[in-house]
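For reference, model.cif is printed below; it contains mmCIF, C-alpha atoms.
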data_work
#
loop_
_atom_site.label_atom_id
_atom_site.label_comp_id
_atom_site.auth_asym_id
_atom_site.auth_seq_id
_atom_site.Cartn_x
_atom_site.Cartn_y
_atom_site.Cartn_z
CA MET A 28 -30.55 -180.09 -182.66
CA LYS A 29 -30.24 -178.36 -186.04
CA ARG A 30 -30.05 -175.02 -184.28
CA ILE A 31 -27.18 -176.24 -182.07
CA THR A 32 -25.38 -177.62 -185.11
CA LYS A 33 -25.83 -174.31 -186.92
CA VAL A 34 -24.48 -172.35 -183.92
CA LEU A 35 -21.48 -174.66 -183.67
CA SER A 36 -20.81 -174.22 -187.37
CA LEU A 37 -20.88 -170.45 -187.03
CA VAL A 38 -18.51 -170.60 -184.05
CA LEU A 39 -16.17 -172.81 -186.03
CA VAL A 40 -16.23 -170.47 -189.04
CA PHE A 41 -15.65 -167.44 -186.79
CA SER A 42 -12.74 -169.21 -185.12
CA ILE A 43 -11.18 -170.00 -188.48
CA ILE A 44 -11.57 -166.38 -189.60
CA VAL A 45 -9.98 -165.06 -186.39
CA THR A 46 -7.14 -167.55 -186.69
CA LEU A 47 -6.52 -166.72 -190.33
CA SER A 48 -6.66 -162.98 -189.70
CA GLY A 49 -4.24 -163.41 -186.82
CA CYS A 50 -1.88 -165.38 -189.04
CA SER A 51 -2.20 -162.74 -191.74
CA ARG A 52 -1.46 -159.97 -189.26
CA ASN A 53 1.60 -161.82 -187.93
CA GLN A 54 2.84 -162.44 -191.45
CA ASN A 55 2.63 -158.73 -192.21
CA VAL A 56 4.69 -157.65 -189.20
CA VAL A 57 8.14 -156.47 -190.27
CA THR A 58 11.02 -156.93 -187.82
CA ILE A 59 13.67 -154.21 -187.65
CA LYS A 60 16.96 -154.80 -185.83
CA TYR A 61 18.38 -151.73 -184.11
CA ALA A 62 21.70 -150.81 -182.50
CA ALA A 63 22.87 -147.52 -180.97
CA TRP A 64 25.45 -146.41 -178.43
CA ASN A 65 22.97 -144.42 -176.32
CA LEU A 66 20.57 -147.21 -175.28
CA ASP A 67 22.19 -148.08 -171.94
CA ILE A 68 21.40 -151.39 -170.22
CA LYS A 69 17.89 -152.83 -170.05
CA GLU A 70 17.56 -152.31 -166.31
CA LYS A 71 17.84 -148.52 -166.63
CA ASN A 72 14.96 -148.33 -169.13
CA SER A 73 16.42 -145.24 -170.77
CA VAL A 74 14.37 -142.71 -172.71
CA GLU A 75 15.68 -144.31 -175.91
CA ARG A 76 14.29 -147.71 -174.89
CA GLN A 77 10.98 -146.16 -173.90
CA MET A 78 10.83 -144.47 -177.32
CA ILE A 79 11.27 -147.86 -178.99
CA ASP A 80 8.50 -149.33 -176.83
CA ALA A 81 6.22 -146.42 -177.78
CA PHE A 82 6.97 -146.95 -181.47
CA ASN A 83 6.21 -150.68 -181.23
CA LYS A 84 2.87 -149.98 -179.57
CA LYS A 85 1.89 -147.36 -182.15
CA TYR A 86 3.13 -149.10 -185.29
CA THR A 87 1.89 -152.65 -184.90
CA ASN A 88 3.02 -153.60 -188.41
CA ILE A 89 6.67 -152.99 -187.43
CA LYS A 90 8.52 -154.66 -184.59
CA VAL A 91 11.79 -153.03 -183.54
CA GLU A 92 14.19 -155.33 -181.73
CA ILE A 93 17.28 -154.08 -179.92
CA ASP A 94 20.37 -156.16 -180.57
CA GLU A 95 21.78 -156.22 -177.04
CA SER A 96 25.15 -157.50 -178.26
CA PHE A 97 25.97 -153.94 -179.37
CA VAL A 98 25.36 -152.26 -176.01
CA LYS A 99 28.94 -152.89 -174.86
CA ASN A 100 32.02 -152.29 -177.09
CA TYR A 101 29.80 -150.67 -179.68
CA ASP A 102 32.34 -149.81 -182.38
CA ALA A 103 33.96 -153.24 -182.28
CA ALA A 104 30.54 -154.92 -182.46
CA ILE A 105 29.52 -152.86 -185.52
CA ASN A 106 32.74 -153.68 -187.35
CA GLU A 107 32.35 -157.37 -186.54
CA ALA A 108 28.74 -157.36 -187.73
CA ALA A 109 29.81 -155.70 -190.98
CA LYS A 110 32.41 -158.42 -191.57
CA ASN A 111 29.71 -161.06 -191.10
CA LYS A 112 27.21 -159.13 -193.26
CA ALA A 113 24.95 -158.92 -190.23
CA LEU A 114 24.57 -155.19 -189.67
CA PRO A 115 21.33 -154.12 -187.97
CA ASP A 116 18.66 -152.54 -190.19
CA VAL A 117 19.17 -149.22 -188.39
CA PHE A 118 22.31 -148.22 -186.50
CA MET A 119 24.41 -145.31 -185.29
CA TYR A 120 27.91 -144.80 -186.59
CA VAL A 121 30.55 -142.22 -185.84
CA SER A 122 31.29 -141.19 -189.45
CA ASN A 123 28.94 -140.97 -192.41
CA PRO A 124 31.77 -140.84 -194.99
CA GLN A 125 33.41 -143.89 -193.41
CA ALA A 126 30.13 -145.82 -193.47
CA ALA A 127 29.64 -144.82 -197.12
CA THR A 128 33.19 -145.86 -197.99
CA ASN A 129 32.56 -149.21 -196.32
CA GLY A 130 29.45 -149.68 -198.45
CA TRP A 131 27.11 -149.95 -195.46
CA CYS A 132 24.52 -147.26 -196.31
CA ALA A 133 21.23 -147.69 -198.13
CA ASP A 134 20.35 -144.98 -200.64
CA ILE A 135 17.19 -143.50 -199.13
CA THR A 136 16.86 -140.55 -201.52
CA ASN A 137 13.53 -141.70 -202.94
CA ILE A 138 12.14 -142.51 -199.51
CA VAL A 139 12.86 -139.08 -198.02
CA SER A 140 11.58 -137.33 -201.16
CA GLU A 141 8.10 -138.57 -200.22
CA ASP A 142 8.32 -137.30 -196.63
CA SER A 143 7.04 -133.75 -196.10
CA GLU A 144 8.70 -133.57 -192.66
CA TRP A 145 12.14 -133.91 -194.26
CA GLU A 146 11.80 -130.18 -194.92
CA ASN A 147 11.98 -129.58 -191.15
CA ILE A 148 15.69 -130.40 -191.22
CA PRO A 149 18.07 -127.40 -191.49
CA LYS A 150 19.64 -127.07 -194.92
CA ALA A 151 23.19 -127.72 -193.70
CA LEU A 152 22.13 -131.01 -192.15
CA LYS A 153 20.28 -132.12 -195.27
CA GLU A 154 23.42 -131.42 -197.27
CA ALA A 155 25.57 -133.26 -194.75
CA VAL A 156 23.76 -136.57 -195.33
CA GLN A 157 24.25 -136.44 -199.10
CA ILE A 158 27.21 -138.05 -200.82
CA LYS A 159 27.37 -138.01 -204.61
CA GLY A 160 23.78 -136.75 -204.66
CA LYS A 161 22.44 -139.64 -202.60
CA VAL A 162 20.93 -139.42 -199.10
CA ILE A 163 22.80 -141.97 -196.99
CA ALA A 164 21.79 -141.16 -193.40
CA VAL A 165 18.99 -139.74 -191.23
CA PRO A 166 19.74 -136.70 -188.99
CA THR A 167 18.20 -137.63 -185.67
CA SER A 168 19.60 -135.17 -183.14
CA MET A 169 20.85 -131.60 -183.38
CA TYR A 170 23.05 -129.71 -180.94
CA LEU A 171 25.07 -126.50 -180.97
CA ASP A 172 28.74 -126.10 -180.14
CA GLY A 173 29.83 -123.01 -178.30
CA TYR A 174 30.88 -121.35 -175.08
CA PHE A 175 28.88 -121.58 -171.90
CA TYR A 176 29.59 -118.91 -169.32
CA ASN A 177 29.12 -118.46 -165.59
CA GLU A 178 26.86 -115.43 -165.35
CA ASP A 179 27.32 -115.07 -161.59
CA LEU A 180 31.11 -115.11 -161.90
CA PHE A 181 31.04 -112.37 -164.55
CA LYS A 182 28.93 -110.21 -162.28
CA THR A 183 31.18 -110.87 -159.30
CA GLN A 184 34.22 -109.82 -161.35
CA LYS A 185 32.26 -106.80 -162.67
CA VAL A 186 32.78 -107.76 -166.32
CA ASN A 187 30.04 -107.39 -168.93
CA LEU A 188 28.41 -110.64 -170.02
CA PRO A 189 29.30 -112.10 -173.43
CA SER A 190 27.09 -110.72 -176.18
CA SER A 191 25.00 -112.86 -178.52
CA ASN A 192 27.21 -111.67 -181.41
CA LEU A 193 30.51 -112.25 -179.68
CA SER A 194 33.48 -111.31 -181.87
CA VAL A 195 36.86 -113.02 -181.74
CA ASN A 196 38.43 -109.88 -180.24
CA GLU A 197 35.72 -109.67 -177.57
CA PHE A 198 36.33 -113.34 -176.77
CA LYS A 199 40.05 -112.71 -176.26
CA THR A 200 39.31 -109.69 -174.06
CA LEU A 201 36.82 -111.60 -171.89
CA VAL A 202 39.22 -114.50 -171.35
CA GLU A 203 41.88 -112.03 -170.24
CA LYS A 204 39.58 -109.97 -168.00
CA MET A 205 38.06 -113.01 -166.32
CA THR A 206 41.44 -114.46 -165.35
CA ASN A 207 41.99 -113.46 -161.74
CA ILE A 208 43.29 -116.47 -159.83
CA ASN A 209 43.52 -114.67 -156.48
CA ASN A 210 39.84 -113.79 -156.78
CA GLY A 211 38.95 -117.38 -157.71
CA SER A 212 38.41 -116.96 -161.46
CA ILE A 213 40.02 -118.40 -164.60
CA GLY A 214 39.03 -117.13 -168.04
CA LEU A 215 38.86 -120.38 -170.00
CA ALA A 216 38.48 -124.05 -169.13
CA ASP A 217 40.42 -125.35 -172.15
CA GLU A 218 41.94 -123.68 -175.20
CA SER A 219 42.24 -126.70 -177.51
CA SER A 220 38.95 -126.17 -179.42
CA ILE A 221 40.06 -122.77 -180.71
CA ILE A 222 42.06 -124.25 -183.58
CA ASP A 223 38.93 -126.02 -184.86
CA TRP A 224 36.49 -123.09 -184.89
CA TYR A 225 38.74 -120.04 -185.34
CA PRO A 226 39.29 -120.23 -189.15
CA ALA A 227 35.52 -120.42 -189.78
CA ALA A 228 34.96 -117.50 -187.40
CA VAL A 229 37.19 -115.16 -189.40
CA ASN A 230 36.69 -116.48 -192.94
CA LYS A 231 33.34 -117.74 -194.22
CA LYS A 232 34.88 -119.88 -196.93
CA PHE A 233 36.00 -122.27 -194.18
CA GLY A 234 34.02 -124.68 -192.07
CA TRP A 235 35.16 -126.73 -189.09
CA TYR A 236 38.94 -127.28 -188.97
CA THR A 237 39.43 -125.25 -192.19
CA TRP A 238 37.35 -127.62 -194.37
CA ASP A 239 36.27 -125.83 -197.57
CA GLY A 240 34.10 -128.57 -199.07
CA GLY A 241 36.94 -130.43 -200.75
CA LYS A 242 40.07 -130.18 -198.63
CA PHE A 243 41.61 -128.98 -195.36
CA ASN A 244 43.61 -125.74 -195.30
CA LEU A 245 46.00 -126.07 -192.39
CA ASN A 246 48.59 -123.89 -194.15
CA SER A 247 46.18 -120.93 -194.25
CA SER A 248 46.86 -117.72 -192.36
CA GLU A 249 43.54 -118.22 -190.53
CA PHE A 250 44.57 -121.60 -189.15
CA LYS A 251 47.95 -120.29 -188.05
CA ALA A 252 46.25 -117.37 -186.30
CA GLY A 253 43.92 -119.77 -184.47
CA VAL A 254 46.83 -121.88 -183.26
CA ASN A 255 48.66 -118.78 -182.09
CA LEU A 256 45.60 -117.49 -180.24
CA ALA A 257 45.34 -120.83 -178.40
CA LYS A 258 49.07 -120.62 -177.66
CA SER A 259 48.80 -117.05 -176.37
CA ILE A 260 45.97 -117.98 -173.99
CA TYR A 261 47.89 -121.04 -172.81
CA THR A 262 51.21 -119.30 -172.22
CA SER A 263 49.46 -116.37 -170.50
CA LYS A 264 47.96 -118.86 -168.02
CA GLN A 265 44.43 -117.79 -168.88
CA THR A 266 43.33 -121.41 -169.28
CA TYR A 267 43.05 -124.06 -166.58
CA ALA A 268 45.47 -126.50 -168.27
CA ASN A 269 48.55 -124.36 -167.70
CA LEU A 270 48.00 -123.46 -164.06
CA SER A 271 50.22 -124.60 -161.20
CA LYS A 272 48.90 -127.12 -158.69
CA GLN A 273 48.63 -124.33 -156.16
CA ASP A 274 46.53 -122.17 -158.49
CA LYS A 275 44.32 -125.12 -159.46
CA LYS A 276 43.68 -125.67 -155.77
CA LYS A 277 42.48 -122.06 -155.50
CA LEU A 278 39.96 -122.86 -158.23
CA GLN A 279 38.59 -125.83 -156.28
CA GLY A 280 39.16 -128.47 -158.90
CA ASN A 281 41.45 -131.32 -159.87
CA ASN A 282 40.46 -130.73 -163.49
CA ASP A 283 38.64 -128.08 -165.50
CA TRP A 284 35.29 -129.90 -165.14
CA GLU A 285 35.50 -129.77 -161.35
CA ALA A 286 36.54 -126.13 -161.44
CA TRP A 287 33.64 -125.30 -163.76
CA ASN A 288 31.16 -127.10 -161.52
CA ALA A 289 32.63 -125.28 -158.52
CA GLY A 290 31.88 -121.95 -160.21
CA THR A 291 35.44 -120.71 -160.79
CA VAL A 292 35.65 -121.01 -164.61
CA ALA A 293 34.26 -118.15 -166.70
CA LEU A 294 33.98 -119.75 -170.16
CA LYS A 295 33.75 -123.41 -171.12
CA PHE A 296 33.48 -124.88 -174.61
CA ASP A 297 30.85 -127.61 -174.86
CA GLY A 298 27.86 -128.91 -176.81
CA SER A 299 24.26 -127.98 -176.04
CA TRP A 300 23.54 -131.60 -175.01
CA VAL A 301 24.84 -130.60 -171.56
CA SER A 302 22.17 -127.88 -171.16
CA GLY A 303 19.99 -130.02 -168.93
CA ASP A 304 22.85 -130.70 -166.53
CA TYR A 305 24.08 -127.11 -166.65
CA SER A 306 20.59 -125.89 -165.80
CA LYS A 307 20.99 -127.63 -162.43
CA LEU A 308 24.32 -126.05 -161.47
CA PRO A 309 24.36 -123.79 -158.39
CA PHE A 310 25.03 -120.70 -160.52
CA ARG A 311 23.35 -119.12 -163.53
CA VAL A 312 24.68 -120.33 -166.88
CA GLY A 313 24.53 -118.62 -170.26
CA PHE A 314 25.42 -119.70 -173.80
CA THR A 315 27.05 -117.50 -176.40
CA GLY A 316 27.78 -119.92 -179.20
CA ILE A 317 31.04 -119.61 -181.11
CA PRO A 318 32.74 -116.25 -181.68
CA GLY A 319 32.20 -114.82 -185.13
CA SER A 320 28.38 -114.97 -185.29
CA ARG A 321 28.22 -118.29 -187.15
CA THR A 322 26.32 -121.27 -185.75
CA CYS A 323 28.11 -124.58 -185.43
CA ILE A 324 25.74 -127.56 -185.55
CA VAL A 325 26.64 -130.92 -184.03
CA PRO A 326 24.43 -133.77 -185.33
CA ASP A 327 23.78 -137.41 -184.60
CA PHE A 328 22.73 -139.71 -187.41
CA LEU A 329 21.11 -143.06 -187.97
CA ILE A 330 22.15 -145.19 -190.92
CA ILE A 331 19.85 -147.64 -192.68
CA SER A 332 21.79 -150.70 -193.74
CA LYS A 333 22.21 -151.34 -197.43
CA ASP A 334 21.31 -154.98 -196.69
CA SER A 335 18.04 -154.18 -194.92
CA LYS A 336 15.11 -155.98 -196.51
CA HIS A 337 12.73 -153.32 -195.20
CA PRO A 338 14.25 -149.87 -195.85
CA LYS A 339 10.92 -148.01 -195.80
CA GLU A 340 9.94 -149.42 -192.42
CA ALA A 341 13.47 -148.85 -191.16
CA TYR A 342 13.18 -145.21 -192.22
CA GLU A 343 9.82 -144.83 -190.45
CA PHE A 344 11.46 -145.97 -187.23
CA ALA A 345 14.59 -143.84 -187.69
CA LYS A 346 12.41 -140.81 -188.33
CA TYR A 347 10.30 -141.48 -185.22
CA MET A 348 13.49 -141.40 -183.13
CA SER A 349 14.47 -138.04 -184.64
CA ALA A 350 13.99 -134.41 -183.69
CA TYR A 351 12.36 -133.53 -187.04
CA SER A 352 9.38 -135.85 -186.52
CA LEU A 353 6.57 -133.98 -184.75
CA GLU A 354 5.08 -137.25 -183.54
CA GLY A 355 8.39 -138.66 -182.35
CA PHE A 356 9.72 -135.49 -180.72
CA THR A 357 6.40 -134.90 -178.95
CA LYS A 358 6.56 -138.42 -177.52
CA ARG A 359 10.20 -137.90 -176.52
CA MET A 360 9.31 -134.77 -174.59
CA GLU A 361 6.39 -136.57 -172.94
CA ILE A 362 8.64 -139.43 -171.79
CA SER A 363 11.38 -137.07 -170.62
CA HIS A 364 8.86 -135.00 -168.63
CA LYS A 365 7.60 -138.18 -166.95
CA ASP A 366 11.18 -139.22 -166.12
CA ASN A 367 12.05 -135.70 -164.90
CA THR A 368 14.78 -135.35 -167.52
CA ILE A 369 15.36 -132.86 -170.33
CA VAL A 370 15.50 -133.77 -174.02
CA SER A 371 19.11 -133.19 -175.03
CA SER A 372 18.53 -132.61 -178.75
CA LEU A 373 17.27 -129.27 -179.94
CA PRO A 374 13.99 -129.55 -181.84
CA MET A 375 14.01 -129.58 -185.63
CA VAL A 376 10.21 -129.49 -185.84
CA LYS A 377 8.55 -126.20 -186.81
CA ASP A 378 5.80 -126.40 -184.19
CA LYS A 379 5.96 -123.23 -182.06
CA LYS A 380 4.18 -124.83 -179.12
CA ILE A 381 6.75 -127.64 -178.99
CA ILE A 382 9.66 -125.20 -179.32
CA ASN A 383 8.33 -122.95 -176.55
CA ASN A 384 7.72 -125.96 -174.32
CA TYR A 385 11.25 -127.19 -174.97
CA PHE A 386 12.98 -123.95 -174.02
CA SER A 387 10.74 -123.36 -171.00
CA ASN A 388 12.48 -126.36 -169.40
CA ILE A 389 16.03 -125.19 -170.07
CA LYS A 390 17.39 -122.40 -167.92
CA ILE A 391 20.33 -121.41 -170.12
CA LYS A 392 20.39 -117.75 -171.09
CA GLY A 393 21.12 -117.20 -174.79
CA LEU A 394 20.59 -120.76 -176.01
CA GLU A 395 17.26 -119.99 -177.67
CA THR A 396 18.79 -116.93 -179.33
CA GLU A 397 21.50 -119.09 -180.90
CA TYR A 398 18.91 -121.69 -181.88
CA ASN A 399 16.86 -119.06 -183.71
CA ARG A 400 19.91 -118.13 -185.81
CA ILE A 401 20.59 -121.65 -187.10
CA GLU A 402 19.42 -121.01 -190.65
CA ASN A 403 21.26 -117.67 -190.96
CA ASP A 404 24.88 -118.80 -191.31
CA ASN A 405 25.99 -122.20 -190.14
CA TYR A 406 28.33 -125.11 -190.64
CA ILE A 407 28.62 -128.64 -189.25
CA GLU A 408 31.11 -129.78 -186.63
CA GLY A 409 33.48 -132.21 -188.28
CA VAL A 410 33.52 -135.54 -186.46
CA LYS A 411 30.60 -137.30 -188.14
CA VAL A 412 30.52 -135.57 -191.53
CA LEU A 413 34.01 -134.66 -192.73
CA PRO A 414 35.77 -137.35 -194.78
CA GLY A 415 38.57 -138.96 -192.79
CA TYR A 416 38.31 -136.35 -190.05
CA ALA A 417 39.65 -138.59 -187.28
CA GLN A 418 42.72 -139.29 -189.41
CA ALA A 419 43.26 -135.69 -190.46
CA ARG A 420 42.72 -134.26 -186.96
CA TRP A 421 44.32 -136.85 -184.70
CA ASN A 422 45.48 -140.24 -185.94
CA TYR A 423 47.51 -139.90 -189.15
CA VAL A 424 51.24 -140.49 -188.67
CA THR A 425 53.22 -137.75 -190.39
CA ASN A 426 56.91 -137.36 -191.17
CA ILE A 427 57.08 -134.44 -188.71
CA LYS A 428 59.01 -135.49 -185.65
CA ILE A 429 58.48 -134.93 -181.96
CA GLY A 430 61.69 -136.09 -180.37
CA ASN A 431 63.00 -138.89 -182.56
CA LYS A 432 59.64 -140.28 -183.69
CA ASP A 433 57.30 -139.44 -186.54
CA ALA A 434 54.31 -137.97 -184.75
CA LYS A 435 50.55 -138.17 -185.20
CA ILE A 436 48.75 -135.03 -186.34
CA GLY A 437 46.91 -134.63 -183.02
CA ASP A 438 50.15 -134.70 -181.01
CA ILE A 439 51.77 -132.24 -183.39
CA LEU A 440 48.89 -129.79 -183.09
CA THR A 441 48.92 -129.96 -179.30
CA ASN A 442 52.64 -129.26 -179.41
CA THR A 443 52.08 -126.11 -181.49
CA TYR A 444 50.08 -124.39 -178.76
CA ARG A 445 51.32 -126.16 -175.63
CA GLY A 446 54.87 -127.05 -176.68
CA ASN A 447 57.84 -125.93 -178.74
CA LEU A 448 56.68 -126.52 -182.31
CA LYS A 449 55.94 -123.40 -184.37
CA ILE A 450 52.93 -123.74 -186.65
CA GLU A 451 54.61 -121.49 -189.23
CA ASP A 452 57.47 -123.97 -189.60
CA ILE A 453 55.32 -127.05 -190.22
CA ALA A 454 52.02 -125.79 -191.65
CA VAL A 455 52.76 -126.70 -195.28
CA GLN A 456 53.84 -130.25 -194.45
CA LEU A 457 51.01 -130.67 -191.94
CA ASN A 458 48.46 -129.63 -194.54
CA LEU A 459 49.89 -132.09 -197.08
CA ASN A 460 49.67 -134.88 -194.53
CA ALA A 461 46.11 -134.01 -193.49
CA ASN A 462 44.84 -134.04 -197.06
CA GLU A 463 46.89 -137.11 -197.88
CA SER A 464 45.08 -138.97 -195.10
CA ILE A 465 41.60 -138.50 -196.61
CA GLN A 466 42.10 -139.55 -200.23
CA LEU A 467 39.97 -142.70 -199.92
CA PHE A 468 36.90 -140.89 -198.61
CA PRO A 469 34.01 -139.48 -200.69
CA ARG A 470 33.08 -135.79 -200.48
CA GLN A 471 29.61 -134.33 -200.10
CA SER A 472 30.37 -132.06 -203.06
CA GLU A 473 31.10 -134.91 -205.47
CA ASN A 474 28.35 -135.50 -208.01
#

Just give me the structure as structure tokens.
Amino acid sequence: MKRITKVLSLVLVFSIIVTLSGCSRNQNVVTIKYAAWNLDIKEKNSVERQMIDAFNKKYTNIKVEIDESFVKNYDAAINEAAKNKALPDVFMYVSNPQAATNGWCADITNIVSEDSEWENIPKALKEAVQIKGKVIAVPTSMYLDGYFYNEDLFKTQKVNLPSSNLSVNEFKTLVEKMTNINNGSIGLADESSIIDWYPAAVNKKFGWYTWDGGKFNLNSSEFKAGVNLAKSIYTSKQTYANLSKQDKKKLQGNNDWEAWNAGTVALKFDGSWVSGDYSKLPFRVGFTGIPGSRTCIVPDFLIISKDSKHPKEAYEFAKYMSAYSLEGFTKRMEISHKDNTIVSSLPMVKDKKIINNYFSNIKIKGLETEYNRIENDNYIEGVKVLPGYAQARWNYVTNIKIGNKDAKIGDILTNTYRGNLKIEDIAVQLNLNANESIQLFPRQSEN
């Protein structure tokens, strides 16, 4: 009887210990709320959702929960959450300077200073997430802007392929040579991106859209030259946008995307996130970057909310989702391989095996060459990192008129290369308006 009592006592003690340890473990689990625009709906079980599941299984002390209310109407949902002081712990946002201005970003400088893998990130990206000396965002994805080309079409037209160090003059020549509508070829899909990259291609003091670190320079000779190059290509009908309906029909497309997919467009400006899709096209595709031998990086970022109660755990998750985490990027490639998809972000990790594995799955000639030049001479595409870029590039209402109305900057610019406005006549006023529109935003260079 005593033995039975003793056994029962031991069982009871063991049960109490298990219960207490379970309670302790549950109490130590930190919950992180997450929102991003690339999650898609639950039913599709996207790679992003599978990454979150993998993180939750590996890091049992952290539980990441997706806030499904952000999946639709993302921007509106973020702004509403900010009003209610209910931002997720980790979230995507379209503009780092805007998020900083709104006071949404945690200062994670001390956290990243303790992370050896932070050094994997290219210098330009590390600088892009600093405002007034503070790190306010996590670079998660990295892409390259540039021109993709139809290798088969170049060979059919007997024109040499674009070089890996394509100059601006060579670019102009190729667009002209590859325009032969009767033979089913147009030189360029769309000319509008030229005004953004051209100044940086011919003058290294400029970045995207003439940004010099403190202001835009739309009255510069370089910007005017870029606008006039776009105008020359447009008026010469070397770009799809200015073709007649009859000529567009010859190119087998109702728009430049359809014509490109049909194999009748020689050069198309795009980001490297399309490489997986372009690898599957029925013709060989190459990538030559941006003319001028400088690399233009396009990033995605995750922001850790200033109001997060668990910034270190939030950072661990954000890092896992990134391309600079060896563990996270390896898992992403594993999931993508299983799903028969291709990881869209270029790797930021320094592991040669991972890098070789990544490029073995992408059949885009020249992309790896451009990737290997990232640290040589680069700048960041403007949307997510330049202060007030959306205002200065598209939305700000100026006192320059189109017809009888004061026009937005974006409409004015389009009119300079597709309409009757002359950039030389309005450049000074346009530059004043662009810089006027960004006065409220902080600069990376401010200390």

Residues of range 375-444 of chain A within 12 Å of range 237-252 of chain A: nearest atom pair and distance (Å, one decimal) for each, counting all atoms listed in the file, sorted by chain and number, as CSV?
residue,atom,partner,partner_atom,distance
A:Tyr406,CA,A:Trp238,CA,10.1
A:Ile407,CA,A:Trp238,CA,10.2
A:Glu408,CA,A:Trp238,CA,10.2
A:Gly409,CA,A:Trp238,CA,8.6
A:Val410,CA,A:Trp238,CA,11.8
A:Val412,CA,A:Trp238,CA,10.9
A:Leu413,CA,A:Trp238,CA,8.0
A:Pro414,CA,A:Lys242,CA,9.2
A:Gly415,CA,A:Lys242,CA,10.7
A:Tyr416,CA,A:Phe243,CA,9.7
A:Gln418,CA,A:Phe243,CA,12.0
A:Ala419,CA,A:Phe243,CA,8.5
A:Arg420,CA,A:Phe243,CA,10.0
A:Ile436,CA,A:Leu245,CA,11.2
A:Leu440,CA,A:Leu245,CA,10.4
A:Thr443,CA,A:Lys251,CA,9.7
A:Tyr444,CA,A:Lys251,CA,10.4

Using C-alpha atoms, can you export the residues from the last selection as a JSON list (two decimals), in the coordinates of the input?
[["chain", "number", "residue", "atom", "x", "y", "z"],
["A", 406, "TYR", "CA", 28.33, -125.11, -190.64],
["A", 407, "ILE", "CA", 28.62, -128.64, -189.25],
["A", 408, "GLU", "CA", 31.11, -129.78, -186.63],
["A", 409, "GLY", "CA", 33.48, -132.21, -188.28],
["A", 410, "VAL", "CA", 33.52, -135.54, -186.46],
["A", 412, "VAL", "CA", 30.52, -135.57, -191.53],
["A", 413, "LEU", "CA", 34.01, -134.66, -192.73],
["A", 414, "PRO", "CA", 35.77, -137.35, -194.78],
["A", 415, "GLY", "CA", 38.57, -138.96, -192.79],
["A", 416, "TYR", "CA", 38.31, -136.35, -190.05],
["A", 418, "GLN", "CA", 42.72, -139.29, -189.41],
["A", 419, "ALA", "CA", 43.26, -135.69, -190.46],
["A", 420, "ARG", "CA", 42.72, -134.26, -186.96],
["A", 436, "ILE", "CA", 48.75, -135.03, -186.34],
["A", 440, "LEU", "CA", 48.89, -129.79, -183.09],
["A", 443, "THR", "CA", 52.08, -126.11, -181.49],
["A", 444, "TYR", "CA", 50.08, -124.39, -178.76]]

Explicit residues for the PyMOL selection byres ((chain A and resi 320) around 12) (as number ranges by chain): A: 173, 190-195, 197-198, 224-225, 227-231, 315-319, 321-323, 396-397, 400-401, 403-406

Which residues of range 304-349 of chain A have any atom within 10 Å of an atom in range 66-87 of chain A when counting only C-alpha atoms, and what is the closest pair of atoms for each, with the distance in Å to one decimal? Order the rows by chain and rising number and write it as a Markdown table.
| residue | atom | partner | partner_atom | distance |
| --- | --- | --- | --- | --- |
| A:Glu340 | CA | A:Tyr86 | CA | 9.9 |
| A:Glu343 | CA | A:Tyr86 | CA | 9.5 |
| A:Phe344 | CA | A:Phe82 | CA | 7.4 |
| A:Tyr347 | CA | A:Phe82 | CA | 7.4 |
| A:Met348 | CA | A:Met78 | CA | 7.1 |

Selected residue, from A:Ile221, A:Lys346, A:Gly437, A:Val98, that lies nearest to Ile331 in chain A when counting only C-alpha atoms: A:Lys346

Contacts of Met375 in chain A at 7 Å (all atoms listed in the file; same-chain gap of 2+ positions) as a list of chain:residue names: A:Asn147, A:Ile148, A:Ala350, A:Tyr351, A:Leu373, A:Lys377

For CA of Pro338 in chain A and CA of Ile138 in chain A, the interatomic separation in Å (one decimal): 8.5 Å

Once you count only C-alpha atoms, which residues end up no further than 9 Å from (44.7, -130.8, -169.4) in the file's frame, shown as a PDB file with C-alpha atoms, keeping the file's coordinate frame?
ATOM      1  CA  ASP A 217      40.420-125.350-172.150  1.00  0.00           C
ATOM      2  CA  TYR A 267      43.050-124.060-166.580  1.00  0.00           C
ATOM      3  CA  ALA A 268      45.470-126.500-168.270  1.00  0.00           C
ATOM      4  CA  ASN A 269      48.550-124.360-167.700  1.00  0.00           C
ATOM      5  CA  ASN A 282      40.460-130.730-163.490  1.00  0.00           C
ATOM      6  CA  ASP A 283      38.640-128.080-165.500  1.00  0.00           C
TER       7      ASP A 283
END

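Closest approach to Val254 in chain A from the set A:Ile439, A:Ile427, A:Val165, A:Ile362 is made by A:Ile439, with distances taken over all atoms listed in the file.
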